[in-house]
>>> print(open('start05.cif').read())   # mmCIF, C-alpha atoms
data_upload
#
loop_
_atom_site.label_atom_id
_atom_site.label_comp_id
_atom_site.auth_asym_id
_atom_site.auth_seq_id
_atom_site.Cartn_x
_atom_site.Cartn_y
_atom_site.Cartn_z
CA MET A 678 281.51 79.66 47.29
CA CYS A 679 279.81 81.38 50.19
CA LEU A 680 281.95 79.31 52.51
CA PHE A 681 285.07 80.50 50.76
CA LEU A 682 284.14 84.19 50.93
CA PHE A 683 283.09 83.95 54.55
CA ILE A 684 286.22 82.12 55.64
CA ILE A 685 288.62 84.28 53.71
CA THR A 686 287.20 87.56 55.02
CA GLY A 687 286.89 86.04 58.48
CA ASN A 688 290.51 84.99 58.50
CA LEU A 689 291.91 88.20 57.05
CA ILE A 690 289.97 90.41 59.46
CA GLY A 691 292.01 88.92 62.29
CA LEU A 692 295.19 90.36 60.88
CA VAL A 693 294.04 93.93 61.38
CA PRO A 694 295.45 94.96 64.75
CA GLY A 695 292.64 95.28 67.24
CA LEU A 696 290.16 93.07 65.41
CA ASP A 697 289.57 89.36 65.94
CA SER A 698 288.65 86.75 63.36
CA PRO A 699 285.38 84.92 63.77
CA THR A 700 287.21 81.77 62.75
CA ASN A 701 289.38 82.29 65.82
CA ASN A 702 286.86 80.43 67.90
CA VAL A 703 286.43 76.69 67.59
CA ASN A 704 282.64 77.08 67.60
CA THR A 705 282.48 78.95 64.29
CA ASN A 706 284.60 76.36 62.56
CA ALA A 707 282.72 73.47 64.13
CA ALA A 708 279.43 74.97 62.95
CA MET A 709 280.71 75.29 59.38
CA ALA A 710 282.19 71.80 59.38
CA LEU A 711 279.01 70.22 60.72
CA THR A 712 276.98 72.12 58.14
CA VAL A 713 279.20 70.76 55.37
CA PHE A 714 278.88 67.25 56.83
CA ALA A 715 275.09 67.45 57.02
CA TYR A 716 274.94 69.01 53.55
CA TYR A 717 276.88 66.39 51.65
CA ASN A 718 275.18 63.53 53.48
CA PHE A 719 271.77 65.07 52.80
CA TRP A 720 272.46 65.34 49.08
CA GLY A 721 273.90 61.82 49.02
CA ILE A 722 270.82 60.38 50.66
CA ARG A 723 268.55 62.47 48.49
CA MET A 724 270.22 61.25 45.32
CA TRP A 725 270.76 57.62 46.18
CA GLY A 726 268.08 56.95 48.80
CA ALA A 727 268.83 53.91 50.87
CA GLY A 728 271.52 52.97 48.36
CA TYR A 729 273.73 55.64 49.96
CA ILE A 730 274.93 52.97 52.35
CA LYS A 731 276.80 51.42 49.41
CA HIS A 732 279.31 54.25 49.67
CA PHE A 733 280.42 52.81 52.99
CA MET A 734 280.70 49.24 51.88
CA GLY A 735 283.87 49.04 49.88
CA PRO A 736 284.49 47.25 46.60
CA PHE A 737 283.63 43.63 47.57
CA TRP A 738 280.74 42.22 49.58
CA TRP A 739 282.97 40.15 51.86
CA LEU A 740 284.88 43.26 52.94
CA VAL A 741 281.79 44.89 54.46
CA PRO A 742 282.48 44.04 58.15
CA LEU A 743 285.90 45.58 57.74
CA MET A 744 285.04 48.51 55.52
CA LEU A 745 281.87 49.70 57.22
CA PRO A 746 283.44 50.77 60.56
CA ILE A 747 286.49 52.17 58.81
CA GLU A 748 284.40 54.22 56.43
CA ILE A 749 282.11 55.47 59.19
CA ILE A 750 285.07 56.57 61.31
CA SER A 751 286.66 58.19 58.29
CA HIS A 752 283.48 60.09 57.54
CA LEU A 753 283.17 61.20 61.14
CA ALA A 754 286.78 62.36 61.11
CA ARG A 755 286.03 64.74 58.25
CA PRO A 756 284.24 67.50 60.16
CA LEU A 757 286.74 67.07 62.97
CA SER A 758 289.67 67.61 60.65
CA LEU A 759 287.98 70.54 58.92
CA THR A 760 287.34 72.22 62.26
CA LEU A 761 290.77 71.64 63.71
CA ARG A 762 292.61 72.62 60.58
CA LEU A 763 290.95 76.01 60.34
CA PHE A 764 290.86 76.64 64.07
CA GLY A 765 294.47 75.67 64.61
CA ASN A 766 295.70 77.85 61.79
CA VAL A 767 293.83 80.97 62.78
CA ARG A 768 294.32 80.62 66.52
CA GLY A 769 297.99 79.81 66.10
CA GLU A 770 298.46 82.92 63.98
CA GLU A 771 296.72 85.05 66.59
CA ILE A 772 298.89 83.70 69.38
CA VAL A 773 302.09 84.18 67.41
CA LEU A 774 301.13 87.73 66.49
CA VAL A 775 300.36 88.60 70.10
CA LEU A 776 303.63 87.12 71.32
CA LEU A 777 305.72 88.78 68.63
CA PHE A 778 303.99 92.06 69.26
CA ALA A 779 305.05 91.82 72.89
CA LEU A 780 308.63 91.05 71.91
CA ALA A 781 309.37 93.19 68.85
CA PRO A 782 306.41 95.42 67.99
CA VAL A 783 306.70 96.35 64.32
CA VAL A 784 309.83 94.70 62.93
CA GLY A 785 308.88 91.30 64.30
CA THR A 786 305.30 91.23 63.13
CA PHE A 787 305.58 92.85 59.72
CA PRO A 788 307.08 89.86 57.85
CA MET A 789 304.75 87.47 59.67
CA TYR A 790 301.79 89.33 58.20
CA PHE A 791 302.64 88.16 54.69
CA LEU A 792 303.02 84.54 55.77
CA PHE A 793 299.79 84.62 57.72
CA SER A 794 297.73 86.29 55.02
CA LEU A 795 298.98 83.66 52.58
CA ALA A 796 298.14 80.86 55.02
CA ASP A 797 294.68 82.40 55.63
CA CYS A 798 293.83 82.44 51.93
CA ILE A 799 295.15 78.91 51.43
CA GLN A 800 293.17 77.56 54.39
CA ALA A 801 289.95 79.16 53.13
CA PHE A 802 290.58 77.61 49.73
CA VAL A 803 291.30 74.20 51.24
CA PHE A 804 288.11 74.22 53.32
CA PHE A 805 286.10 75.10 50.26
CA MET A 806 287.84 72.52 48.06
CA LEU A 807 287.33 69.79 50.65
CA ALA A 808 283.65 70.59 50.96
CA MET A 809 283.32 70.29 47.18
CA ILE A 810 285.31 67.06 47.10
CA TYR A 811 283.15 65.50 49.82
CA LEU A 812 280.01 66.58 47.98
CA LYS A 813 281.29 65.11 44.75
CA GLY A 814 282.26 61.90 46.54
CA SER A 815 278.77 61.49 47.92
CA LEU A 816 277.11 62.12 44.57
CA GLU A 817 279.20 59.84 42.38
CA HIS A 818 278.80 56.09 41.95
CA ALA A 819 279.87 53.97 44.91
CA HIS A 820 282.71 51.87 43.45
CA MET B 887 330.88 56.85 65.58
CA ARG B 888 328.18 54.61 67.00
CA LYS B 889 329.83 54.60 70.43
CA ALA B 890 329.99 58.40 70.49
CA PHE B 891 326.36 58.60 69.43
CA MET B 892 325.28 56.16 72.18
CA THR B 893 327.27 58.09 74.79
CA ILE B 894 325.70 61.40 73.85
CA PHE B 895 322.24 59.87 73.65
CA SER B 896 322.52 58.23 77.09
CA THR B 897 323.73 61.48 78.64
CA ALA B 898 320.85 63.44 77.14
CA ALA B 899 318.35 60.79 78.27
CA LEU B 900 319.71 60.78 81.84
CA LEU B 901 319.59 64.57 82.04
CA THR B 902 316.04 64.61 80.79
CA LEU B 903 314.88 61.94 83.20
CA ALA B 904 316.63 63.63 86.14
CA SER B 905 314.76 66.86 85.61
CA VAL B 906 311.51 64.96 85.36
CA ALA B 907 312.26 63.23 88.68
CA PHE B 908 312.84 66.59 90.35
CA ALA B 909 309.64 68.01 88.93
CA ALA B 910 307.60 65.06 90.17
CA ASP B 911 308.52 65.89 93.78
CA THR B 912 306.42 69.06 93.78
CA ALA B 913 302.93 67.82 94.31
CA GLY B 914 299.71 68.53 92.53
CA ALA B 915 298.91 70.52 89.47
CA MET B 916 301.73 73.05 89.81
CA GLY B 917 304.37 70.34 89.38
CA ALA B 918 302.99 69.25 86.09
CA ILE B 919 303.93 72.46 84.26
CA GLY B 920 307.51 71.28 83.83
CA THR B 921 306.49 68.03 82.21
CA ILE B 922 303.91 69.81 80.12
CA SER B 923 306.47 72.29 78.85
CA TRP B 924 308.81 69.49 77.82
CA ALA B 925 305.98 67.61 76.16
CA THR B 926 304.81 70.67 74.26
CA ALA B 927 308.25 71.63 73.03
CA ILE B 928 309.32 68.17 71.93
CA GLY B 929 305.92 67.37 70.45
CA MET B 930 305.79 70.49 68.35
CA GLY B 931 309.39 70.00 67.29
CA LEU B 932 308.65 66.49 66.04
CA ALA B 933 305.48 67.64 64.30
CA ALA B 934 307.31 70.45 62.56
CA ALA B 935 310.09 68.08 61.51
CA GLY B 936 307.68 65.57 60.02
CA CYS B 937 305.72 68.34 58.32
CA GLY B 938 308.89 69.78 56.85
CA LEU B 939 309.97 66.44 55.44
CA GLY B 940 306.57 65.73 53.95
CA GLN B 941 306.17 69.13 52.35
CA GLY B 942 309.71 68.97 51.04
CA LEU B 943 308.96 65.73 49.24
CA GLY B 944 305.80 67.18 47.79
CA LEU B 945 307.58 70.30 46.65
CA LYS B 946 310.32 68.21 45.06
CA ALA B 947 307.80 66.24 43.04
CA ALA B 948 305.97 69.42 42.00
CA CYS B 949 309.17 71.08 40.81
CA GLU B 950 310.21 68.02 38.83
CA GLY B 951 306.76 67.78 37.26
CA THR B 952 306.80 71.42 36.25
CA ALA B 953 310.32 71.09 34.89
CA ARG B 954 309.31 68.18 32.72
CA ASN B 955 306.12 69.79 31.45
CA PRO B 956 306.02 73.56 31.88
CA GLU B 957 302.58 73.83 30.29
CA ALA B 958 301.01 71.86 33.14
CA GLY B 959 302.62 74.29 35.59
CA GLY B 960 299.36 75.92 36.64
CA LYS B 961 297.58 72.70 37.55
CA ILE B 962 300.64 71.32 39.30
CA THR B 963 300.92 74.47 41.38
CA VAL B 964 297.29 74.27 42.46
CA THR B 965 297.68 70.60 43.41
CA LEU B 966 300.87 71.46 45.27
CA ILE B 967 299.23 74.20 47.33
CA LEU B 968 296.34 71.90 48.21
CA GLY B 969 298.72 69.11 49.24
CA LEU B 970 300.86 71.46 51.33
CA ALA B 971 297.80 72.61 53.24
CA PHE B 972 296.83 69.01 54.01
CA ILE B 973 300.28 68.17 55.33
CA GLU B 974 300.33 71.43 57.28
CA SER B 975 297.10 70.44 58.98
CA LEU B 976 298.83 67.43 60.58
CA ALA B 977 301.24 69.77 62.31
CA ILE B 978 298.28 71.95 63.25
CA TYR B 979 296.66 68.96 64.99
CA ALA B 980 299.81 68.62 67.09
CA LEU B 981 299.67 72.35 67.79
CA VAL B 982 296.06 72.09 68.98
CA VAL B 983 296.99 69.29 71.38
CA CYS B 984 299.87 71.38 72.72
CA LEU B 985 297.61 74.40 73.15
CA ILE B 986 295.13 72.27 75.04
CA LEU B 987 297.91 71.03 77.31
CA LEU B 988 299.22 74.54 77.94
CA PHE B 989 296.03 76.52 78.34
CA ALA B 990 293.14 74.16 79.06
CA HIS B 991 295.32 72.25 81.47
CA PRO B 992 293.40 69.01 81.93
CA PHE B 993 295.04 67.80 85.14
CA ALA B 994 294.18 70.60 87.50
CA LYS B 995 290.62 69.58 88.23
CA ILE B 996 291.44 65.89 88.56
CA ILE B 997 294.28 66.36 91.04
CA THR B 998 292.82 69.12 93.18
CA GLY B 999 289.45 67.31 93.18
#
>>> encode(input="start05.cif", output="structure tokens")
Amino acid sequence: MCLFLFIITGNLIGLVPGLDSPTNNVNTNAAMALTVFAYYNFWGIRMWGAGYIKHFMGPFWWLVPLMLPIEIISHLARPLSLTLRLFGNVRGEEIVLVLLFALAPVVGTFPMYFLFSLADCIQAFVFFMLAMIYLKGSLEHAH
Amino acid sequence: MRKAFMTIFSTAALLTLASVAFAADTAGAMGAIGTISWATAIGMGLAAAGCGLGQGLGLKAACEGTARNPEAGGKITVTLILGLAFIESLAIYALVVCLILLFAHPFAKIITG
């Protein structure tokens, strides 16, 4: 919930001319994504103990050599995708706004504001939903 | 039809390769900007095309689902928005790579030592 409020205000602040979003920078997003990663793994280990490794093992025992690397890479790709999704959206919006402002000051940017505020809110919601889904996935039974 | 398509395609390919050959003559990091611009434009175009197709399919399924069962409209809309953001993020990955190529130009240090 805190994540959602932070990201949505952070994103929308960037639309005000003259202000910059904190989510503009890849470091903010990386910090949030790594926090989410550490958080859901911590709660998974706390709930299941050493049995947390079963989440990475797939449905059958003979699939383990295949499933373990795939699951580990997939789990490592999660903070990467969270970071890049948010960073790309907010930075791309900033660049487009700057370019359009140079080309057609008010008429060009005014309609883009609606699209970008919508995309900001949706991206905040998606980050929050994904964090909840990962947390739920780590807490539920492993297959 | 196929012959016309192959003719046009070969012409476009030859034109593209010719400009790349000219750009490769200028040495060092400054010559790479032409290739990088081509790569960025075509890459983003392909990413946007794929994203458009994917989101269109998702939207189609969401509209059909809502038309069949208007009461489930709220849940379908929420699922749709979530799915659209996921597909959008694939195009955003392509955008990030293009931004890296354009602004954090990775070749300059390697070529100029």
>>> interface_residues(input="start05.cif", of="chain B", to="chain A", cutoff="9 Å", atoms="all atoms listed in the file", output="PDB file with C-alpha atoms, in the coordinates of the input")
ATOM      1  CA  ILE B 967     299.230  74.200  47.330  1.00  0.00           C
ATOM      2  CA  LEU B 968     296.340  71.900  48.210  1.00  0.00           C
ATOM      3  CA  ALA B 971     297.800  72.610  53.240  1.00  0.00           C
ATOM      4  CA  PHE B 972     296.830  69.010  54.010  1.00  0.00           C
ATOM      5  CA  GLU B 974     300.330  71.430  57.280  1.00  0.00           C
ATOM      6  CA  SER B 975     297.100  70.440  58.980  1.00  0.00           C
ATOM      7  CA  LEU B 976     298.830  67.430  60.580  1.00  0.00           C
ATOM      8  CA  ILE B 978     298.280  71.950  63.250  1.00  0.00           C
ATOM      9  CA  TYR B 979     296.660  68.960  64.990  1.00  0.00           C
ATOM     10  CA  LEU B 981     299.670  72.350  67.790  1.00  0.00           C
ATOM     11  CA  VAL B 982     296.060  72.090  68.980  1.00  0.00           C
ATOM     12  CA  LEU B 985     297.610  74.400  73.150  1.00  0.00           C
TER      13      LEU B 985
END
>>> resolve_selection(input="start05.cif", expression="the PyMOL selection byres ((chain A and resi 725-740) around 10)", output="list in words")
Asn718, Phe719, Trp720, Gly721, Ile722, Arg723, Met724, Val741, Pro742, Leu743, Met744, Leu745, Pro746, Ile747, Glu748, Ile749, Ser751, His752, Gly814, Ser815, Leu816, Glu817, His818, Ala819 and His820 of chain A
>>> closest_residue(input="start05.cif", among="B:His991, B:Lys961, B:Ala953, B:Leu943", to="Ile973 of chain B", atoms="only C-alpha atoms")
B:Leu943
>>> residues_around(input="start05.cif", residues="Met930 of chain B", least_positions_apart="6", cutoff="9 Å", atoms="all atoms listed in the file", output="number ranges by chain")
B: 977, 980-981, 984
>>> atom_distance(input="start05.cif", atom1="atom CA of Ala918 of chain B", atom2="atom CA of Val775 of chain A")
25.2 Å
>>> atom_distance(input="start05.cif", atom1="atom CA of Met709 of chain A", atom2="atom CA of Leu692 of chain A")
21.0 Å
>>> atom_distance(input="start05.cif", atom1="atom CA of Thr700 of chain A", atom2="atom CA of Asn688 of chain A")
6.3 Å
>>> residues_around(input="start05.cif", residues="Leu689 of chain A", least_positions_apart="4", cutoff="8 Å", atoms="all atoms listed in the file", output="number ranges by chain")
A: 685, 693, 698, 794, 797-798
>>> residues_around(input="start05.cif", residues="Leu777 of chain A", least_positions_apart="4", cutoff="12 Å", atoms="only C-alpha atoms", output="mmCIF file with C-alpha atoms, in the frame of the given file")
data_model
loop_
_atom_site.group_PDB
_atom_site.id
_atom_site.type_symbol
_atom_site.label_atom_id
_atom_site.label_comp_id
_atom_site.auth_asym_id
_atom_site.auth_seq_id
_atom_site.Cartn_x
_atom_site.Cartn_y
_atom_site.Cartn_z
ATOM 1 C CA GLU A 770 298.460 82.920 63.980
ATOM 2 C CA GLU A 771 296.720 85.050 66.590
ATOM 3 C CA ILE A 772 298.890 83.700 69.380
ATOM 4 C CA VAL A 773 302.090 84.180 67.410
ATOM 5 C CA ALA A 781 309.370 93.190 68.850
ATOM 6 C CA PRO A 782 306.410 95.420 67.990
ATOM 7 C CA VAL A 783 306.700 96.350 64.320
ATOM 8 C CA VAL A 784 309.830 94.700 62.930
ATOM 9 C CA GLY A 785 308.880 91.300 64.300
ATOM 10 C CA THR A 786 305.300 91.230 63.130
ATOM 11 C CA PHE A 787 305.580 92.850 59.720
ATOM 12 C CA PRO A 788 307.080 89.860 57.850
ATOM 13 C CA MET A 789 304.750 87.470 59.670
ATOM 14 C CA TYR A 790 301.790 89.330 58.200
#
>>> residues_around(input="start05.cif", residues="Ala925 of chain B", least_positions_apart="2", cutoff="12 Å", atoms="all atoms listed in the file", output="list in words")
Thr902, Val906, Ala918, Ile919, Gly920, Thr921, Ile922, Ser923, Ala927, Ile928, Gly929, Met930, Gly931, Leu932, Ala933, Ala980, Leu981, Val983, Cys984, Leu985, Ile986, Leu987 and Leu988 of chain B
>>> build_atoms(input="start05.cif", residues="segment 943-957 of chain B", atoms="N, CA, C and O atoms", output="PDB file, in the coordinates of the input")
ATOM      1  N   LEU B 943     309.128  66.739  50.281  1.00  0.00           N
ATOM      2  CA  LEU B 943     308.960  65.730  49.240  1.00  0.00           C
ATOM      3  C   LEU B 943     307.931  66.154  48.207  1.00  0.00           C
ATOM      4  O   LEU B 943     308.113  65.967  47.000  1.00  0.00           O
ATOM      5  N   GLY B 944     306.831  66.730  48.718  1.00  0.00           N
ATOM      6  CA  GLY B 944     305.800  67.180  47.790  1.00  0.00           C
ATOM      7  C   GLY B 944     306.297  68.270  46.866  1.00  0.00           C
ATOM      8  O   GLY B 944     306.024  68.274  45.660  1.00  0.00           O
ATOM      9  N   LEU B 945     307.052  69.196  47.440  1.00  0.00           N
ATOM     10  CA  LEU B 945     307.580  70.300  46.650  1.00  0.00           C
ATOM     11  C   LEU B 945     308.547  69.789  45.596  1.00  0.00           C
ATOM     12  O   LEU B 945     308.576  70.262  44.452  1.00  0.00           O
ATOM     13  N   LYS B 946     309.355  68.784  46.000  1.00  0.00           N
ATOM     14  CA  LYS B 946     310.320  68.210  45.060  1.00  0.00           C
ATOM     15  C   LYS B 946     309.581  67.622  43.842  1.00  0.00           C
ATOM     16  O   LYS B 946     309.949  67.885  42.692  1.00  0.00           O
ATOM     17  N   ALA B 947     308.530  66.851  44.142  1.00  0.00           N
ATOM     18  CA  ALA B 947     307.800  66.240  43.040  1.00  0.00           C
ATOM     19  C   ALA B 947     307.144  67.296  42.161  1.00  0.00           C
ATOM     20  O   ALA B 947     307.106  67.163  40.939  1.00  0.00           O
ATOM     21  N   ALA B 948     306.629  68.364  42.780  1.00  0.00           N
ATOM     22  CA  ALA B 948     305.970  69.420  42.000  1.00  0.00           C
ATOM     23  C   ALA B 948     306.979  70.132  41.101  1.00  0.00           C
ATOM     24  O   ALA B 948     306.698  70.414  39.928  1.00  0.00           O
ATOM     25  N   CYS B 949     308.173  70.403  41.632  1.00  0.00           N
ATOM     26  CA  CYS B 949     309.170  71.080  40.810  1.00  0.00           C
ATOM     27  C   CYS B 949     309.603  70.207  39.642  1.00  0.00           C
ATOM     28  O   CYS B 949     309.774  70.684  38.516  1.00  0.00           O
ATOM     29  N   GLU B 950     309.804  68.907  39.918  1.00  0.00           N
ATOM     30  CA  GLU B 950     310.210  68.020  38.830  1.00  0.00           C
ATOM     31  C   GLU B 950     309.119  67.936  37.768  1.00  0.00           C
ATOM     32  O   GLU B 950     309.396  67.941  36.568  1.00  0.00           O
ATOM     33  N   GLY B 951     307.853  67.849  38.223  1.00  0.00           N
ATOM     34  CA  GLY B 951     306.760  67.780  37.260  1.00  0.00           C
ATOM     35  C   GLY B 951     306.683  69.017  36.404  1.00  0.00           C
ATOM     36  O   GLY B 951     306.462  68.938  35.191  1.00  0.00           O
ATOM     37  N   THR B 952     306.855  70.192  37.030  1.00  0.00           N
ATOM     38  CA  THR B 952     306.800  71.420  36.250  1.00  0.00           C
ATOM     39  C   THR B 952     307.994  71.523  35.316  1.00  0.00           C
ATOM     40  O   THR B 952     307.878  72.031  34.203  1.00  0.00           O
ATOM     41  N   ALA B 953     309.148  70.999  35.757  1.00  0.00           N
ATOM     42  CA  ALA B 953     310.320  71.090  34.890  1.00  0.00           C
ATOM     43  C   ALA B 953     310.156  70.202  33.669  1.00  0.00           C
ATOM     44  O   ALA B 953     310.588  70.555  32.567  1.00  0.00           O
ATOM     45  N   ARG B 954     309.508  69.054  33.876  1.00  0.00           N
ATOM     46  CA  ARG B 954     309.310  68.180  32.720  1.00  0.00           C
ATOM     47  C   ARG B 954     308.303  68.748  31.736  1.00  0.00           C
ATOM     48  O   ARG B 954     308.391  68.527  30.540  1.00  0.00           O
ATOM     49  N   ASN B 955     307.279  69.425  32.274  1.00  0.00           N
ATOM     50  CA  ASN B 955     306.120  69.790  31.450  1.00  0.00           C
ATOM     51  C   ASN B 955     305.656  71.176  31.854  1.00  0.00           C
ATOM     52  O   ASN B 955     304.679  71.316  32.565  1.00  0.00           O
ATOM     53  N   PRO B 956     306.334  72.217  31.395  1.00  0.00           N
ATOM     54  CA  PRO B 956     306.020  73.560  31.880  1.00  0.00           C
ATOM     55  C   PRO B 956     304.592  74.004  31.589  1.00  0.00           C
ATOM     56  O   PRO B 956     304.067  74.862  32.285  1.00  0.00           O
ATOM     57  N   GLU B 957     303.948  73.397  30.593  1.00  0.00           N
ATOM     58  CA  GLU B 957     302.580  73.830  30.290  1.00  0.00           C
ATOM     59  C   GLU B 957     301.618  73.430  31.381  1.00  0.00           C
ATOM     60  O   GLU B 957     300.629  74.102  31.609  1.00  0.00           O
TER      61      GLU B 957
END
